[in-house]
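The structure file query-v9.tsv is reproduced below (TSV, N, CA and C atoms).
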```tsv
chain	number	residue	atom	x	y	z
A	16	MET	N	-3.91	-1.32	-26.38
A	16	MET	CA	-5.34	-1.32	-26.16
A	16	MET	C	-6.05	-1.77	-27.43
A	17	GLN	N	-6.98	-2.69	-27.31
A	17	GLN	CA	-7.71	-3.19	-28.45
A	17	GLN	C	-8.72	-2.15	-28.93
A	18	THR	N	-8.93	-2.13	-30.24
A	18	THR	CA	-9.94	-1.27	-30.81
A	18	THR	C	-11.25	-2.05	-30.89
A	19	THR	N	-12.34	-1.35	-31.20
A	19	THR	CA	-13.62	-2.01	-31.37
A	19	THR	C	-13.54	-3.07	-32.45
A	20	ASN	N	-12.88	-2.75	-33.56
A	20	ASN	CA	-12.76	-3.68	-34.67
A	20	ASN	C	-11.99	-4.93	-34.26
A	21	ASP	N	-10.89	-4.77	-33.52
A	21	ASP	CA	-10.12	-5.93	-33.05
A	21	ASP	C	-10.98	-6.81	-32.16
A	22	THR	N	-11.68	-6.19	-31.24
A	22	THR	CA	-12.52	-6.94	-30.31
A	22	THR	C	-13.63	-7.66	-31.06
A	23	PHE	N	-14.29	-6.97	-31.98
A	23	PHE	CA	-15.39	-7.54	-32.72
A	23	PHE	C	-14.95	-8.75	-33.53
A	24	ASN	N	-13.76	-8.70	-34.08
A	24	ASN	CA	-13.27	-9.78	-34.93
A	24	ASN	C	-12.70	-10.96	-34.17
A	25	THR	N	-12.43	-10.82	-32.87
A	25	THR	CA	-11.80	-11.92	-32.14
A	25	THR	C	-12.71	-12.51	-31.07
A	26	ILE	N	-13.99	-12.26	-31.16
A	26	ILE	CA	-14.94	-12.77	-30.17
A	26	ILE	C	-15.06	-14.28	-30.27
A	27	GLN	N	-15.07	-14.93	-29.14
A	27	GLN	CA	-15.37	-16.36	-29.10
A	27	GLN	C	-16.88	-16.50	-28.99
A	28	GLN	N	-17.46	-17.40	-29.75
A	28	GLN	CA	-18.90	-17.56	-29.80
A	28	GLN	C	-19.42	-18.30	-28.56
A	29	PRO	N	-20.66	-17.99	-28.15
A	29	PRO	CA	-21.23	-18.66	-26.98
A	29	PRO	C	-21.48	-20.14	-27.25
A	30	GLN	N	-21.40	-20.94	-26.19
A	30	GLN	CA	-21.57	-22.38	-26.32
A	30	GLN	C	-22.99	-22.82	-25.96
A	31	GLN	N	-23.82	-21.93	-25.38
A	31	GLN	CA	-25.12	-22.35	-24.91
A	31	GLN	C	-26.11	-22.63	-26.03
A	32	ASN	N	-25.93	-22.09	-27.22
A	32	ASN	CA	-26.85	-22.31	-28.31
A	32	ASN	C	-26.44	-23.57	-29.06
A	33	ASN	N	-27.24	-24.62	-28.96
A	33	ASN	CA	-26.84	-25.90	-29.55
A	33	ASN	C	-26.92	-25.90	-31.08
A	34	GLN	N	-27.46	-24.83	-31.67
A	34	GLN	CA	-27.47	-24.75	-33.12
A	34	GLN	C	-26.18	-24.13	-33.65
A	35	LEU	N	-25.39	-23.56	-32.75
A	35	LEU	CA	-24.11	-22.97	-33.12
A	35	LEU	C	-23.01	-23.87	-32.61
A	36	GLN	N	-21.94	-24.01	-33.38
A	36	GLN	CA	-20.87	-24.91	-32.98
A	36	GLN	C	-19.53	-24.29	-33.33
A	37	ASN	N	-18.62	-24.25	-32.35
A	37	ASN	CA	-17.28	-23.73	-32.62
A	37	ASN	C	-16.42	-24.81	-33.25
A	38	THR	N	-15.70	-24.43	-34.28
A	38	THR	CA	-14.71	-25.29	-34.90
A	38	THR	C	-13.45	-24.46	-34.99
A	39	GLY	N	-12.55	-24.62	-34.00
A	39	GLY	CA	-11.39	-23.73	-33.93
A	39	GLY	C	-11.89	-22.33	-33.71
A	40	ASP	N	-11.45	-21.40	-34.56
A	40	ASP	CA	-11.89	-20.03	-34.46
A	40	ASP	C	-13.07	-19.73	-35.38
A	41	MET	N	-13.52	-20.72	-36.13
A	41	MET	CA	-14.59	-20.49	-37.09
A	41	MET	C	-15.92	-20.93	-36.49
A	42	LEU	N	-16.94	-20.13	-36.71
A	42	LEU	CA	-18.28	-20.48	-36.29
A	42	LEU	C	-18.96	-21.25	-37.41
A	43	VAL	N	-19.51	-22.40	-37.08
A	43	VAL	CA	-20.23	-23.20	-38.05
A	43	VAL	C	-21.68	-23.22	-37.59
A	44	ALA	N	-22.58	-22.87	-38.48
A	44	ALA	CA	-23.99	-22.85	-38.12
A	44	ALA	C	-24.82	-23.52	-39.21
A	45	ASN	N	-25.86	-24.18	-38.78
A	45	ASN	CA	-26.83	-24.71	-39.72
A	45	ASN	C	-27.75	-23.54	-40.05
A	46	LEU	N	-27.51	-22.90	-41.19
A	46	LEU	CA	-28.21	-21.67	-41.52
A	46	LEU	C	-29.68	-21.89	-41.85
A	47	THR	N	-30.10	-23.13	-41.97
A	47	THR	CA	-31.53	-23.36	-42.14
A	47	THR	C	-32.25	-23.29	-40.80
A	48	GLN	N	-31.50	-23.37	-39.71
A	48	GLN	CA	-32.10	-23.33	-38.38
A	48	GLN	C	-31.77	-22.05	-37.61
A	49	VAL	N	-30.72	-21.34	-38.00
A	49	VAL	CA	-30.28	-20.14	-37.29
A	49	VAL	C	-30.37	-18.96	-38.24
A	50	SER	N	-31.11	-17.94	-37.82
A	50	SER	CA	-31.25	-16.77	-38.68
A	50	SER	C	-30.02	-15.88	-38.59
A	51	LEU	N	-29.85	-15.04	-39.58
A	51	LEU	CA	-28.77	-14.06	-39.57
A	51	LEU	C	-28.90	-13.17	-38.34
A	52	GLU	N	-30.12	-12.80	-38.02
A	52	GLU	CA	-30.35	-11.97	-36.83
A	52	GLU	C	-29.85	-12.66	-35.57
A	53	GLU	N	-30.11	-13.95	-35.44
A	53	GLU	CA	-29.64	-14.70	-34.26
A	53	GLU	C	-28.12	-14.76	-34.22
A	54	LEU	N	-27.48	-14.96	-35.37
A	54	LEU	CA	-26.02	-15.01	-35.41
A	54	LEU	C	-25.42	-13.67	-34.99
A	55	VAL	N	-25.96	-12.59	-35.53
A	55	VAL	CA	-25.45	-11.25	-35.20
A	55	VAL	C	-25.69	-10.95	-33.72
A	56	LYS	N	-26.89	-11.26	-33.25
A	56	LYS	CA	-27.21	-11.01	-31.84
A	56	LYS	C	-26.29	-11.79	-30.92
A	57	SER	N	-26.04	-13.05	-31.25
A	57	SER	CA	-25.16	-13.89	-30.45
A	57	SER	C	-23.76	-13.29	-30.38
A	58	LYS	N	-23.25	-12.87	-31.51
A	58	LYS	CA	-21.90	-12.28	-31.54
A	58	LYS	C	-21.86	-10.97	-30.76
A	59	LEU	N	-22.90	-10.15	-30.89
A	59	LEU	CA	-22.94	-8.89	-30.15
A	59	LEU	C	-23.06	-9.10	-28.65
A	60	GLU	N	-23.82	-10.10	-28.23
A	60	GLU	CA	-23.93	-10.40	-26.80
A	60	GLU	C	-22.57	-10.75	-26.21
A	61	VAL	N	-21.81	-11.55	-26.94
A	61	VAL	CA	-20.48	-11.91	-26.48
A	61	VAL	C	-19.58	-10.68	-26.47
A	62	LEU	N	-19.69	-9.88	-27.50
A	62	LEU	CA	-18.90	-8.64	-27.58
A	62	LEU	C	-19.15	-7.75	-26.37
A	63	PHE	N	-20.41	-7.53	-26.02
A	63	PHE	CA	-20.73	-6.67	-24.88
A	63	PHE	C	-20.26	-7.28	-23.56
A	64	ARG	N	-20.38	-8.60	-23.45
A	64	ARG	CA	-19.89	-9.26	-22.24
A	64	ARG	C	-18.37	-9.11	-22.13
A	65	GLN	N	-17.66	-9.32	-23.24
A	65	GLN	CA	-16.20	-9.17	-23.22
A	65	GLN	C	-15.80	-7.72	-22.99
A	66	GLN	N	-16.56	-6.81	-23.55
A	66	GLN	CA	-16.27	-5.39	-23.36
A	66	GLN	C	-16.37	-5.03	-21.88
A	67	LYS	N	-17.38	-5.57	-21.22
A	67	LYS	CA	-17.57	-5.31	-19.80
A	67	LYS	C	-16.42	-5.91	-18.98
A	68	GLU	N	-16.01	-7.12	-19.33
A	68	GLU	CA	-14.93	-7.80	-18.61
A	68	GLU	C	-13.58	-7.13	-18.83
A	69	THR	N	-13.31	-6.70	-20.06
A	69	THR	CA	-11.99	-6.15	-20.38
A	69	THR	C	-11.94	-4.63	-20.34
A	70	LYS	N	-13.12	-4.01	-20.21
A	70	LYS	CA	-13.22	-2.54	-20.16
A	70	LYS	C	-12.68	-1.88	-21.43
A	71	VAL	N	-12.88	-2.55	-22.58
A	71	VAL	CA	-12.50	-1.99	-23.87
A	71	VAL	C	-13.61	-1.05	-24.32
A	72	GLU	N	-13.23	0.13	-24.80
A	72	GLU	CA	-14.23	1.08	-25.27
A	72	GLU	C	-14.74	0.64	-26.63
A	73	LEU	N	-16.05	0.73	-26.80
A	73	LEU	CA	-16.68	0.38	-28.07
A	73	LEU	C	-17.10	1.66	-28.78
A	74	ASN	N	-16.20	2.21	-29.57
A	74	ASN	CA	-16.49	3.42	-30.32
A	74	ASN	C	-16.73	3.08	-31.77
A	75	GLY	N	-17.77	3.64	-32.35
A	75	GLY	CA	-18.07	3.41	-33.76
A	75	GLY	C	-18.62	2.03	-34.04
A	76	LEU	N	-19.23	1.40	-33.07
A	76	LEU	CA	-19.71	0.03	-33.23
A	76	LEU	C	-20.79	-0.08	-34.31
A	77	TYR	N	-21.70	0.89	-34.35
A	77	TYR	CA	-22.78	0.83	-35.34
A	77	TYR	C	-22.21	0.78	-36.75
A	78	SER	N	-21.28	1.68	-37.05
A	78	SER	CA	-20.68	1.72	-38.38
A	78	SER	C	-19.95	0.42	-38.69
A	79	LEU	N	-19.26	-0.11	-37.71
A	79	LEU	CA	-18.51	-1.36	-37.90
A	79	LEU	C	-19.45	-2.52	-38.23
A	80	VAL	N	-20.54	-2.64	-37.47
A	80	VAL	CA	-21.49	-3.72	-37.71
A	80	VAL	C	-22.14	-3.56	-39.08
A	81	MET	N	-22.54	-2.35	-39.41
A	81	MET	CA	-23.17	-2.11	-40.70
A	81	MET	C	-22.21	-2.46	-41.85
A	82	GLU	N	-20.97	-2.07	-41.72
A	82	GLU	CA	-19.98	-2.37	-42.76
A	82	GLU	C	-19.78	-3.88	-42.91
A	83	GLN	N	-19.69	-4.59	-41.80
A	83	GLN	CA	-19.42	-6.02	-41.87
A	83	GLN	C	-20.61	-6.81	-42.41
A	84	VAL	N	-21.79	-6.24	-42.39
A	84	VAL	CA	-22.95	-6.89	-43.00
A	84	VAL	C	-23.15	-6.39	-44.43
A	85	GLU	N	-23.03	-5.09	-44.61
A	85	GLU	CA	-23.33	-4.49	-45.90
A	85	GLU	C	-22.33	-4.85	-46.99
A	86	LYS	N	-21.06	-4.85	-46.67
A	86	LYS	CA	-20.04	-5.13	-47.69
A	86	LYS	C	-20.21	-6.52	-48.31
A	87	PRO	N	-20.30	-7.60	-47.52
A	87	PRO	CA	-20.49	-8.91	-48.15
A	87	PRO	C	-21.84	-9.02	-48.86
A	88	LEU	N	-22.86	-8.33	-48.36
A	88	LEU	CA	-24.16	-8.33	-49.02
A	88	LEU	C	-24.03	-7.75	-50.42
A	89	ILE	N	-23.33	-6.64	-50.53
A	89	ILE	CA	-23.14	-6.01	-51.84
A	89	ILE	C	-22.27	-6.88	-52.74
A	90	GLU	N	-21.18	-7.41	-52.21
A	90	GLU	CA	-20.29	-8.27	-53.00
A	90	GLU	C	-21.02	-9.49	-53.55
A	91	LEU	N	-21.76	-10.18	-52.69
A	91	LEU	CA	-22.46	-11.39	-53.12
A	91	LEU	C	-23.60	-11.07	-54.06
A	92	SER	N	-24.26	-9.93	-53.86
A	92	SER	CA	-25.34	-9.51	-54.75
A	92	SER	C	-24.79	-9.18	-56.13
A	93	LEU	N	-23.67	-8.47	-56.17
A	93	LEU	CA	-23.03	-8.18	-57.46
A	93	LEU	C	-22.63	-9.46	-58.17
A	94	LYS	N	-22.08	-10.38	-57.42
A	94	LYS	CA	-21.66	-11.66	-58.02
A	94	LYS	C	-22.87	-12.42	-58.57
A	95	ALA	N	-23.96	-12.39	-57.83
A	95	ALA	CA	-25.17	-13.08	-58.28
A	95	ALA	C	-25.72	-12.49	-59.57
A	96	HIS	N	-25.44	-11.20	-59.80
A	96	HIS	CA	-25.92	-10.52	-61.00
A	96	HIS	C	-24.79	-10.23	-61.97
A	97	ASN	N	-23.71	-11.01	-61.86
A	97	ASN	CA	-22.59	-10.93	-62.80
A	97	ASN	C	-22.02	-9.52	-62.92
A	98	GLY	N	-21.98	-8.81	-61.78
A	98	GLY	CA	-21.42	-7.47	-61.76
A	98	GLY	C	-22.35	-6.38	-62.25
A	99	ASN	N	-23.56	-6.73	-62.64
A	99	ASN	CA	-24.51	-5.74	-63.16
A	99	ASN	C	-25.05	-4.90	-62.01
A	100	GLN	N	-24.65	-3.63	-62.00
A	100	GLN	CA	-25.01	-2.75	-60.88
A	100	GLN	C	-26.47	-2.35	-60.89
A	101	VAL	N	-27.08	-2.21	-62.05
A	101	VAL	CA	-28.49	-1.83	-62.13
A	101	VAL	C	-29.36	-2.94	-61.54
A	102	ARG	N	-29.12	-4.18	-61.97
A	102	ARG	CA	-29.90	-5.31	-61.45
A	102	ARG	C	-29.62	-5.54	-59.97
A	103	THR	N	-28.37	-5.35	-59.55
A	103	THR	CA	-28.02	-5.51	-58.14
A	103	THR	C	-28.75	-4.47	-57.29
A	104	ALA	N	-28.75	-3.22	-57.74
A	104	ALA	CA	-29.44	-2.15	-57.00
A	104	ALA	C	-30.93	-2.45	-56.90
A	105	GLN	N	-31.52	-2.94	-57.99
A	105	GLN	CA	-32.94	-3.30	-57.96
A	105	GLN	C	-33.21	-4.39	-56.95
A	106	MET	N	-32.36	-5.43	-56.95
A	106	MET	CA	-32.54	-6.52	-56.01
A	106	MET	C	-32.44	-6.04	-54.57
A	107	LEU	N	-31.48	-5.15	-54.31
A	107	LEU	CA	-31.27	-4.64	-52.95
A	107	LEU	C	-32.31	-3.59	-52.55
A	108	GLY	N	-33.01	-3.06	-53.52
A	108	GLY	CA	-34.02	-2.04	-53.23
A	108	GLY	C	-33.42	-0.68	-52.94
A	109	ILE	N	-32.27	-0.40	-53.56
A	109	ILE	CA	-31.63	0.90	-53.39
A	109	ILE	C	-31.38	1.52	-54.75
A	110	ASN	N	-31.15	2.82	-54.77
A	110	ASN	CA	-30.86	3.53	-56.00
A	110	ASN	C	-29.50	3.09	-56.53
A	111	ARG	N	-29.34	3.04	-57.83
A	111	ARG	CA	-28.08	2.64	-58.44
A	111	ARG	C	-26.94	3.57	-58.04
A	112	ASN	N	-27.22	4.87	-57.90
A	112	ASN	CA	-26.20	5.81	-57.46
A	112	ASN	C	-25.76	5.53	-56.02
A	113	THR	N	-26.71	5.14	-55.18
A	113	THR	CA	-26.39	4.76	-53.80
A	113	THR	C	-25.49	3.53	-53.80
A	114	LEU	N	-25.84	2.55	-54.64
A	114	LEU	CA	-25.00	1.35	-54.75
A	114	LEU	C	-23.60	1.72	-55.20
A	115	LYS	N	-23.50	2.57	-56.19
A	115	LYS	CA	-22.19	2.98	-56.70
A	115	LYS	C	-21.36	3.64	-55.60
A	116	LYS	N	-21.99	4.48	-54.80
A	116	LYS	CA	-21.29	5.15	-53.70
A	116	LYS	C	-20.78	4.11	-52.69
A	117	LYS	N	-21.60	3.12	-52.38
A	117	LYS	CA	-21.20	2.08	-51.44
A	117	LYS	C	-20.08	1.22	-52.02
A	118	ILE	N	-20.16	0.92	-53.31
A	118	ILE	CA	-19.09	0.16	-53.98
A	118	ILE	C	-17.77	0.92	-53.85
A	119	ASP	N	-17.82	2.21	-54.08
A	119	ASP	CA	-16.61	3.04	-53.96
A	119	ASP	C	-16.12	3.12	-52.52
A	120	ASN	N	-17.04	3.31	-51.57
A	120	ASN	CA	-16.66	3.42	-50.15
A	120	ASN	C	-15.99	2.15	-49.64
A	121	TYR	N	-16.50	0.99	-50.07
A	121	TYR	CA	-15.94	-0.29	-49.61
A	121	TYR	C	-14.82	-0.80	-50.52
A	122	ASN	N	-14.51	-0.04	-51.55
A	122	ASN	CA	-13.45	-0.41	-52.48
A	122	ASN	C	-13.71	-1.79	-53.11
A	123	ILE	N	-14.96	-2.00	-53.51
A	123	ILE	CA	-15.36	-3.24	-54.16
A	123	ILE	C	-15.10	-3.10	-55.65
A	124	LYS	N	-14.58	-4.15	-56.24
A	124	LYS	CA	-14.29	-4.18	-57.68
A	124	LYS	C	-15.34	-5.04	-58.38
A	125	PRO	N	-16.41	-4.43	-58.91
A	125	PRO	CA	-17.50	-5.23	-59.53
A	125	PRO	C	-17.02	-6.13	-60.67
A	126	ARG	N	-16.03	-5.71	-61.43
A	126	ARG	CA	-15.56	-6.53	-62.54
A	126	ARG	C	-14.97	-7.85	-62.07
A	127	ARG	N	-14.35	-7.83	-60.89
A	127	ARG	CA	-13.76	-9.06	-60.34
A	127	ARG	C	-14.82	-10.02	-59.84
A	128	LEU	N	-16.04	-9.53	-59.64
A	128	LEU	CA	-17.11	-10.35	-59.11
A	128	LEU	C	-17.95	-11.00	-60.20
A	129	ARG	N	-17.60	-10.76	-61.43
A	129	ARG	CA	-18.34	-11.34	-62.54
A	129	ARG	C	-18.03	-12.82	-62.67
A	130	LEU	N	-19.06	-13.56	-63.00
A	130	LEU	CA	-18.89	-14.99	-63.24
A	130	LEU	C	-18.22	-15.18	-64.59
A	131	ASN	N	-17.34	-16.13	-64.68
A	131	ASN	CA	-16.64	-16.38	-65.96
A	131	ASN	C	-17.26	-17.54	-66.70
```
Can I see the file as structure tokens?
Amino acid sequence: MQTTNDTFNTIQQPQQNNQLQNTGDMLVANLTQVSLEELVKSKLEVLFRQQKETKVELNGLYSLVMEQVEKPLIELSLKAHNGNQVRTAQMLGINRNTLKKKIDNYNIKPRRLRLN
């Protein structure tokens, strides 16, 4: 039986949106024309349709979606600020201690994200 995470990661993207284009298993989008919200919504619509067709239970979906957005956001923000957690927290609008907790929860290594 597939888990929510397995299902979420193996969704085929919809073909009706002409701004989105499948290339093998990778989604290619012109990000100047398609918002992050539209990309997430599109993927979730397919997920719910597949869930209905396959009768896979979607448990913990909220946490999964938040993790898949939040982790790369934190990683890329840290990289943009050369691993500086204070500046990264300021940019994200969160407390530095909150950022540190999220870094630990996601097992992110800020030193590896520093520009050389």
Excluding same-chain residues fewer than 4 positions from A:Lys124, what lies within 9 Å of it counting only C-alpha atoms, as an MDAnalysis selection string?
chainID A and resid 90 98 118:119 128
Could the residues in this selection be saved with N, CA and C atoms as an mmCIF file, in the frame of the given file?
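For reference, part.cif as written:
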```cif
data_model
loop_
_atom_site.group_PDB
_atom_site.id
_atom_site.type_symbol
_atom_site.label_atom_id
_atom_site.label_comp_id
_atom_site.auth_asym_id
_atom_site.auth_seq_id
_atom_site.Cartn_x
_atom_site.Cartn_y
_atom_site.Cartn_z
ATOM 1 N N GLU A 90 -21.180 -7.410 -52.210
ATOM 2 C CA GLU A 90 -20.290 -8.270 -53.000
ATOM 3 C C GLU A 90 -21.020 -9.490 -53.550
ATOM 4 N N GLY A 98 -21.980 -8.810 -61.780
ATOM 5 C CA GLY A 98 -21.420 -7.470 -61.760
ATOM 6 C C GLY A 98 -22.350 -6.380 -62.250
ATOM 7 N N ILE A 118 -20.160 0.920 -53.310
ATOM 8 C CA ILE A 118 -19.090 0.160 -53.980
ATOM 9 C C ILE A 118 -17.770 0.920 -53.850
ATOM 10 N N ASP A 119 -17.820 2.210 -54.080
ATOM 11 C CA ASP A 119 -16.610 3.040 -53.960
ATOM 12 C C ASP A 119 -16.120 3.120 -52.520
ATOM 13 N N LEU A 128 -16.040 -9.530 -59.640
ATOM 14 C CA LEU A 128 -17.110 -10.350 -59.110
ATOM 15 C C LEU A 128 -17.950 -11.000 -60.200
#
```
Measuring atom to atom with only C-alpha atoms, identify which of A:Lys86, A:Arg126, A:Lys70, A:Lys58 is nearest to A:Leu114.
A:Lys86
Which of these residues is nearest to A:Ala95, using only C-alpha atoms: A:Glu60, A:Leu107, A:Tyr121, A:Asn112?
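Among the listed residues, the smallest separation from A:Ala95 belongs to A:Leu107.
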Which value, in Å to one decimal, gives the distance between atom N of A:Glu52 and atom CA of A:Val84?
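Separating atom N of A:Glu52 from atom CA of A:Val84 is a distance of 10.5 Å.
From atom CA of A:Ser78 back to atom CA of A:Asn97, the distance works out to 27.6 Å.
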Quote the spacing between atom N of A:Lys56 and atom N of A:Met106 in Å to one decimal place.
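Straight-line distance from atom N of A:Lys56 to atom N of A:Met106 works out to 25.0 Å.
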Produce the centre coordinates and the three edge lengths, each in Å to one decimal, of the box along x, y and z that contains all listed atoms of stretch 77-93 of chain A with 5 Å added on each side, as AutoDock Vina command-line options.
```
--center_x -21.9 --center_y -4.8 --center_z -46.3 --size_x 16.8 --size_y 23.1 --size_z 33.8
```
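Counting only C-alpha atoms and comparing A:Leu76, A:Val49, A:Ile89, A:Val55, the residue that lies closest to A:Asn120 is A:Ile89.
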As a list of chain:residue names, please: every residue in stretch 33-123 of chain A that DSSP puts in strand (DSSP E or B).
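Matching residues, listed in order: A:Leu35, A:Gln36, A:Asn37, A:Thr38, A:Met41, A:Leu42, A:Val43, A:Ala44.
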